[in-house]
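Undergrad: The structure file query-v4.txt (compact mmCIF, C-alpha atoms) is provided below.
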```
# COMPACT_ATOMS: atom_id res chain seq x y z
CA MET B 673 21.00 46.96 -18.77
CA SER B 674 18.67 49.97 -18.96
CA ARG B 675 16.01 50.68 -16.36
CA ILE B 676 12.85 52.83 -16.51
CA ASN B 677 11.61 54.07 -13.14
CA GLY B 678 13.63 51.34 -11.47
CA PHE B 679 12.31 48.55 -13.74
CA LEU B 680 13.99 46.77 -16.65
CA GLY B 681 13.18 48.07 -20.13
CA ARG B 682 11.09 45.71 -22.28
CA ARG B 683 13.95 44.75 -24.63
CA ASP B 684 16.38 44.10 -21.81
CA PHE B 685 13.71 42.19 -19.91
CA LEU B 686 13.16 39.87 -22.87
CA LYS B 687 16.91 39.25 -23.13
CA PHE B 688 17.07 38.58 -19.41
CA ALA B 689 14.08 36.23 -19.51
CA SER B 690 15.62 34.32 -22.40
CA VAL B 691 18.87 33.75 -20.50
CA VAL B 692 17.00 32.68 -17.36
CA GLY B 693 14.80 30.34 -19.40
CA ILE B 694 17.81 28.65 -20.99
CA ALA B 695 19.49 28.27 -17.60
CA ALA B 696 16.32 26.87 -16.03
CA THR B 697 15.90 24.36 -18.85
CA SER B 698 19.49 23.24 -18.50
CA PHE B 699 19.08 22.81 -14.75
CA SER B 700 15.83 20.88 -15.16
CA ASP B 701 17.35 18.49 -17.70
CA SER B 702 20.36 17.94 -15.49
CA PHE B 703 18.16 17.31 -12.44
CA TRP B 704 15.90 14.74 -14.07
CA ASN B 705 18.73 13.01 -15.93
CA SER B 706 20.55 12.51 -12.65
CA GLU B 707 17.49 11.18 -10.78
CA GLN B 708 18.73 7.60 -10.76
CA THR B 709 22.14 8.63 -9.44
CA ALA B 710 20.58 10.81 -6.75
CA VAL B 711 18.36 7.96 -5.58
CA ALA B 712 21.35 5.66 -5.29
CA ASP B 713 23.08 8.14 -2.96
CA ILE B 714 20.25 8.39 -0.41
CA HIS B 715 21.22 7.30 3.08
CA PRO B 716 18.61 8.42 5.62
CA VAL B 717 19.75 8.64 9.22
CA ASN B 718 17.22 7.70 11.89
CA PRO B 719 18.59 6.63 15.30
CA ASN B 720 15.12 5.37 16.29
CA GLN B 721 14.54 3.34 13.13
CA ILE B 722 12.46 0.17 13.45
CA SER B 723 11.57 -2.48 10.88
CA PRO B 724 8.39 -2.20 8.80
CA ASP B 725 6.81 -5.18 10.57
CA GLU B 726 7.60 -3.77 14.01
CA ALA B 727 6.12 -0.43 12.93
CA VAL B 728 2.89 -2.17 11.87
CA ARG B 729 2.75 -3.98 15.22
CA ARG B 730 3.27 -0.73 17.12
CA LEU B 731 0.45 0.95 15.21
CA LEU B 732 -2.00 -1.93 15.73
CA ASP B 733 -1.12 -2.16 19.42
CA GLY B 734 -1.88 1.54 19.74
CA ASN B 735 -5.16 1.09 17.90
CA GLN B 736 -6.16 -1.67 20.32
CA ARG B 737 -5.48 0.68 23.25
CA PHE B 738 -7.65 3.31 21.53
CA ILE B 739 -10.53 0.88 20.98
CA GLN B 740 -10.37 -0.45 24.55
CA GLN B 741 -10.11 3.05 26.01
CA LYS B 742 -6.74 2.20 27.53
CA ARG B 743 -4.77 4.93 25.82
CA GLN B 744 -1.27 5.67 27.10
CA TYR B 745 -0.92 9.07 25.37
CA PRO B 746 2.78 8.35 24.67
CA ASP B 747 5.36 10.98 23.76
CA GLN B 748 3.14 13.92 24.68
CA SER B 749 5.03 15.34 27.67
CA LEU B 750 6.63 18.77 27.70
CA GLU B 751 10.01 17.06 27.94
CA HIS B 752 9.34 15.06 24.78
CA LEU B 753 8.05 18.17 23.00
CA ARG B 754 11.40 19.84 23.66
CA LEU B 755 13.26 16.73 22.54
CA VAL B 756 11.56 16.43 19.12
CA ALA B 757 11.85 20.19 18.60
CA LYS B 758 15.53 19.47 17.83
CA ALA B 759 14.86 16.73 15.26
CA GLN B 760 12.11 14.36 14.15
CA TYR B 761 12.43 10.61 13.60
CA PRO B 762 8.91 9.24 12.91
CA PHE B 763 8.74 5.45 12.88
CA ALA B 764 5.94 5.41 10.28
CA ALA B 765 4.27 7.63 7.70
CA ILE B 766 0.52 7.75 7.16
CA LEU B 767 -1.32 8.82 4.01
CA GLY B 768 -4.79 9.33 5.40
CA CYS B 769 -8.09 10.88 4.43
CA ALA B 770 -8.66 14.46 5.59
CA ASP B 771 -11.93 13.37 7.23
CA SER B 772 -12.11 14.98 10.69
CA ARG B 773 -13.11 11.65 12.25
CA VAL B 774 -9.85 9.91 11.32
CA PRO B 775 -6.93 11.63 13.14
CA ALA B 776 -4.04 9.17 12.86
CA GLU B 777 -2.18 10.10 16.06
CA ILE B 778 -5.34 9.56 18.11
CA VAL B 779 -6.62 6.33 16.55
CA PHE B 780 -3.13 4.79 16.80
CA ASP B 781 -2.46 6.25 20.27
CA GLN B 782 0.82 7.91 19.27
CA GLY B 783 2.47 11.17 20.20
CA LEU B 784 4.69 14.00 19.05
CA GLY B 785 7.23 12.98 16.43
CA ASP B 786 5.96 9.39 16.14
CA LEU B 787 4.08 9.66 12.84
CA PHE B 788 4.65 11.62 9.64
CA VAL B 789 1.08 12.26 8.52
CA VAL B 790 -0.12 13.42 5.10
CA ARG B 791 -3.88 13.92 4.82
CA VAL B 792 -6.00 14.64 1.76
CA ALA B 793 -9.63 13.88 0.97
CA GLY B 794 -10.00 10.32 -0.28
CA ASN B 795 -6.36 9.52 0.64
CA VAL B 796 -5.59 10.27 -3.00
CA VAL B 797 -2.02 10.02 -4.26
CA SER B 798 -0.67 13.08 -6.10
CA ASP B 799 2.78 14.44 -6.93
CA THR B 800 2.71 16.55 -3.76
CA VAL B 801 1.75 13.56 -1.65
CA ILE B 802 4.49 11.44 -3.22
CA GLY B 803 7.08 14.14 -2.55
CA SER B 804 6.03 14.39 1.08
CA LEU B 805 6.26 10.63 1.58
CA GLU B 806 9.60 10.46 -0.21
CA TYR B 807 10.82 12.98 2.34
CA SER B 808 9.55 10.83 5.22
CA THR B 809 11.53 7.84 3.98
CA ALA B 810 14.59 9.27 2.23
CA VAL B 811 15.30 12.02 4.75
CA LEU B 812 13.61 11.00 7.99
CA GLY B 813 14.15 7.27 7.63
CA SER B 814 10.60 5.93 8.14
CA GLN B 815 10.37 2.33 6.91
CA LEU B 816 6.59 2.02 6.81
CA ILE B 817 3.93 3.90 4.87
CA VAL B 818 0.27 3.19 5.62
CA VAL B 819 -2.42 4.28 3.16
CA LEU B 820 -5.32 4.74 5.57
CA GLY B 821 -8.84 4.88 4.14
CA HIS B 822 -12.07 4.59 6.08
CA ARG B 823 -15.62 3.31 5.88
CA ARG B 824 -18.32 5.63 4.49
CA CYS B 825 -15.74 7.95 2.91
CA GLY B 826 -17.49 11.02 1.50
CA ALA B 827 -14.99 11.44 -1.33
CA VAL B 828 -15.55 7.85 -2.44
CA ALA B 829 -19.31 8.40 -2.29
CA GLU B 830 -18.97 11.40 -4.63
CA ALA B 831 -16.87 9.35 -7.04
CA ILE B 832 -19.57 6.68 -7.14
CA LYS B 833 -22.29 9.28 -7.84
CA ASN B 834 -20.18 10.67 -10.71
CA GLU B 835 -21.91 14.06 -10.77
CA PRO B 836 -20.45 17.52 -11.56
CA LEU B 837 -18.85 19.20 -8.55
CA PRO B 838 -17.98 22.86 -7.87
CA GLY B 839 -14.50 24.37 -7.73
CA ARG B 840 -11.59 21.96 -7.58
CA ILE B 841 -13.32 19.22 -5.63
CA GLY B 842 -13.62 17.30 -8.87
CA LEU B 843 -9.83 17.01 -9.14
CA ILE B 844 -9.78 14.82 -6.05
CA ILE B 845 -12.75 12.76 -7.20
CA GLU B 846 -11.03 12.07 -10.54
CA GLY B 847 -8.24 10.42 -8.58
CA ILE B 848 -10.72 7.95 -7.07
CA LYS B 849 -12.70 7.06 -10.19
CA PRO B 850 -10.30 4.31 -11.36
CA SER B 851 -11.20 2.45 -8.15
CA VAL B 852 -14.91 2.77 -8.96
CA GLU B 853 -14.28 1.32 -12.40
CA ARG B 854 -12.30 -1.57 -10.93
CA VAL B 855 -15.18 -2.61 -8.70
CA LYS B 856 -17.77 -2.12 -11.43
CA PHE B 857 -15.69 -4.24 -13.81
CA SER B 858 -15.15 -7.09 -11.34
CA THR B 859 -18.56 -7.19 -9.64
CA GLY B 860 -20.91 -5.24 -11.91
CA ASP B 861 -21.88 -3.14 -8.89
CA ASN B 862 -20.59 -0.11 -6.98
CA ASN B 863 -20.97 -1.23 -3.38
CA MET B 864 -19.66 1.58 -1.17
CA GLN B 865 -17.36 -0.52 1.03
CA ASP B 866 -16.00 -2.44 -1.94
CA VAL B 867 -14.98 0.84 -3.56
CA VAL B 868 -13.44 2.11 -0.30
CA ILE B 869 -11.23 -1.01 -0.19
CA ALA B 870 -10.49 -0.81 -3.92
CA ASN B 871 -9.46 2.83 -3.52
CA ILE B 872 -7.06 1.98 -0.69
CA GLN B 873 -5.51 -0.73 -2.84
CA TYR B 874 -5.37 1.50 -5.92
CA GLN B 875 -3.69 4.40 -4.09
CA THR B 876 -1.22 1.97 -2.48
CA GLU B 877 -0.27 0.58 -5.89
CA LYS B 878 -0.04 4.05 -7.42
CA LEU B 879 2.28 5.19 -4.65
CA GLN B 880 4.63 2.28 -5.25
CA GLU B 881 4.59 2.63 -9.03
CA SER B 882 5.02 6.41 -9.20
CA SER B 883 8.17 6.93 -7.14
CA THR B 884 11.68 5.79 -8.02
CA ILE B 885 12.79 6.53 -4.46
CA LEU B 886 10.08 4.49 -2.77
CA ALA B 887 10.50 1.63 -5.25
CA LYS B 888 14.22 1.48 -4.46
CA PHE B 889 13.63 1.18 -0.72
CA ILE B 890 10.98 -1.50 -1.27
CA ARG B 891 13.38 -3.58 -3.39
CA GLU B 892 16.02 -3.30 -0.69
CA GLY B 893 13.60 -4.39 2.03
CA LYS B 894 13.90 -1.01 3.77
CA LEU B 895 10.30 0.05 3.19
CA LYS B 896 6.86 -1.51 3.24
CA ILE B 897 3.72 0.19 1.96
CA VAL B 898 0.47 -1.27 3.25
CA GLY B 899 -3.19 -0.36 2.99
CA ALA B 900 -5.48 -0.10 5.99
CA CYS B 901 -9.16 0.69 6.59
CA TYR B 902 -10.55 2.52 9.61
CA ASP B 903 -14.06 1.74 10.84
CA ILE B 904 -15.56 5.05 11.97
CA ASP B 905 -18.21 3.17 13.97
CA THR B 906 -15.86 1.04 16.09
CA GLY B 907 -12.49 2.79 15.82
CA LYS B 908 -10.80 -0.39 14.59
CA VAL B 909 -8.10 -0.37 11.92
CA ASN B 910 -7.74 -3.43 9.67
CA ILE B 911 -4.76 -4.03 7.43
CA ILE B 912 -5.78 -4.56 3.79
CA THR B 913 -3.87 -7.30 1.97
```
Mind turning this structure into structure tokens?

TA:
Amino acid sequence: MSRINGFLGRRDFLKFASVVGIAATSFSDSFWNSEQTAVADIHPVNPNQISPDEAVRRLLDGNQRFIQQKRQYPDQSLEHLRLVAKAQYPFAAILGCADSRVPAEIVFDQGLGDLFVVRVAGNVVSDTVIGSLEYSTAVLGSQLIVVLGHRRCGAVAEAIKNEPLPGRIGLIIEGIKPSVERVKFSTGDNNMQDVVIANIQYQTEKLQESSTILAKFIREGKLKIVGACYDIDTGKVNIIT
């Protein structure tokens, strides 16, 4: 293979690229064709694993402590920091909004290694979000995922206004618009809180429908995905059914 000033010549580069492209295509086909088999072989190991219902109870108990200003600040000692530095076994995963007023570990009164938190404006589900949450369940063994929205969400407000937005902000808003349409179709109105709830429900459904891995765990009773809404005025979290 000839080189010019240390670089591949154009003809050899094209040959090389062609070989790499064929190999990459073959690998990709093999990967996706074996997805079902790979899912069947997943066996997460979590020595601290708790049931989905117990995980919900632990989160709501922590939220009550937060509201009542009786926080215990669990799992935040230097000793625990050193312990989880070796491995993490979160008992729940949270898909929350990136809003600075909704930090999951604080509002649920949890500590280091307790929660696997993914945050994005509008708690919008995307391929990257799905991959992160698949990791939390398939690798780390979490049996609960909470889609946590909140009252007066700015991203939801922008989706309701339906106006042009700069940069890539609009990509997030597009992910919320189906929720706006749901509310408009059912009520004929776009009440802010109704859309917030509809968005939580929509993202929860999308998460369940878009992942073979998560769907498998749900069928086996090893995973529950629930929606929840945080009230930024009171600090209270309510489970959305």

Undergrad: For a quick check of understanding, using only C-alpha atoms, which of B:Val852, B:Gly785, B:Arg743, B:Gly734 has the smallest distance to Ala757 in chain B?

TA: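 Closest residue, counting only C-alpha atoms: B:Gly785.
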
Undergrad: With all atoms listed in the file as the counted atoms, please give the residues lying no more than 6 Å from range 892-904 of chain B, apart from itself and same-chain residues fewer than 3 positions off, as a list in words.

TA: Pro724, Gln815, Leu816, Ile817, Val818, Val819, Leu820, Gly821, His822, Arg823, Ile872, Phe889, Gly907, Lys908, Val909, Asn910, Ile911 and Ile912 of chain B

Undergrad: Between CA of Thr876 in chain B and CA of Glu853 in chain B, what distance in Å does the model show, to one decimal?

TA: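 The value is 16.4 Å.
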
Undergrad: Taking all atoms of range 719-726 of chain B that appear in the file, build a box with edges along x, y and z, extend it by 8 Å on every side, and state its centre and edge lengths in Å to one decimal, as lines of an AutoDock Vina configuration file.

TA:
```
center_x = 12.7
center_y = 0.7
center_z = 12.5
size_x = 27.8
size_y = 27.8
size_z = 23.5
```

Undergrad: Expressed in Å to a single decimal, how great is the separation between CA of Ile885 in chain B and CA of Ser798 in chain B?

TA: 15.1 Å

Undergrad: Suppose you want the space between CA of Gln875 in chain B and CA of Ile848 in chain B; what is it in Å?

TA: 8.4 Å

Undergrad: When distances are computed from all atoms listed in the file, which of B:Asn735, B:Thr913, B:Gln744, B:Ser882 shows the smallest separation from Ala776 in chain B?

TA: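 For Ala776 in chain B, the nearest of the candidates is B:Asn735.
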
Undergrad: Taking only C-alpha atoms into account, name the residue in B:Ser851, B:Ser858, B:Gln760, B:Gln740 that is nearest to Leu812 in chain B.

TA: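 Of B:Ser851, B:Ser858, B:Gln760, B:Gln740, the one nearest Leu812 in chain B, counting only C-alpha atoms, is B:Gln760.
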
Undergrad: Need the shell around Glu806 in chain B: protein/DNA/RNA residues with any atom at most 10 Å away, counting only C-alpha atoms. Skip same-chain ones fewer than 6 positions apart. Format as an mmCIF file with C-alpha atoms, in the coordinates of the input?

TA:
```
data_model
loop_
_atom_site.group_PDB
_atom_site.id
_atom_site.type_symbol
_atom_site.label_atom_id
_atom_site.label_comp_id
_atom_site.auth_asym_id
_atom_site.auth_seq_id
_atom_site.Cartn_x
_atom_site.Cartn_y
_atom_site.Cartn_z
ATOM 1 C CA ALA B 765 4.270 7.630 7.700
ATOM 2 C CA THR B 800 2.710 16.550 -3.760
ATOM 3 C CA LEU B 812 13.610 11.000 7.990
ATOM 4 C CA GLY B 813 14.150 7.270 7.630
ATOM 5 C CA SER B 814 10.600 5.930 8.140
ATOM 6 C CA SER B 883 8.170 6.930 -7.140
ATOM 7 C CA THR B 884 11.680 5.790 -8.020
ATOM 8 C CA ILE B 885 12.790 6.530 -4.460
ATOM 9 C CA LEU B 886 10.080 4.490 -2.770
#
```

Undergrad: Taking 3 positions as the minimum chain separation for residues in the same chain, which residues sit within 10 Å of range 791-797 of chain B when counting only C-alpha atoms? Answer as JSON, numbers by chain.

TA: {"B": [766, 767, 768, 769, 770, 771, 774, 775, 776, 800, 801, 802, 819, 820, 821, 822, 825, 826, 827, 828, 829, 831, 841, 844, 845, 846, 847, 848, 868, 871, 872, 874, 875, 876, 877, 878, 879, 882]}
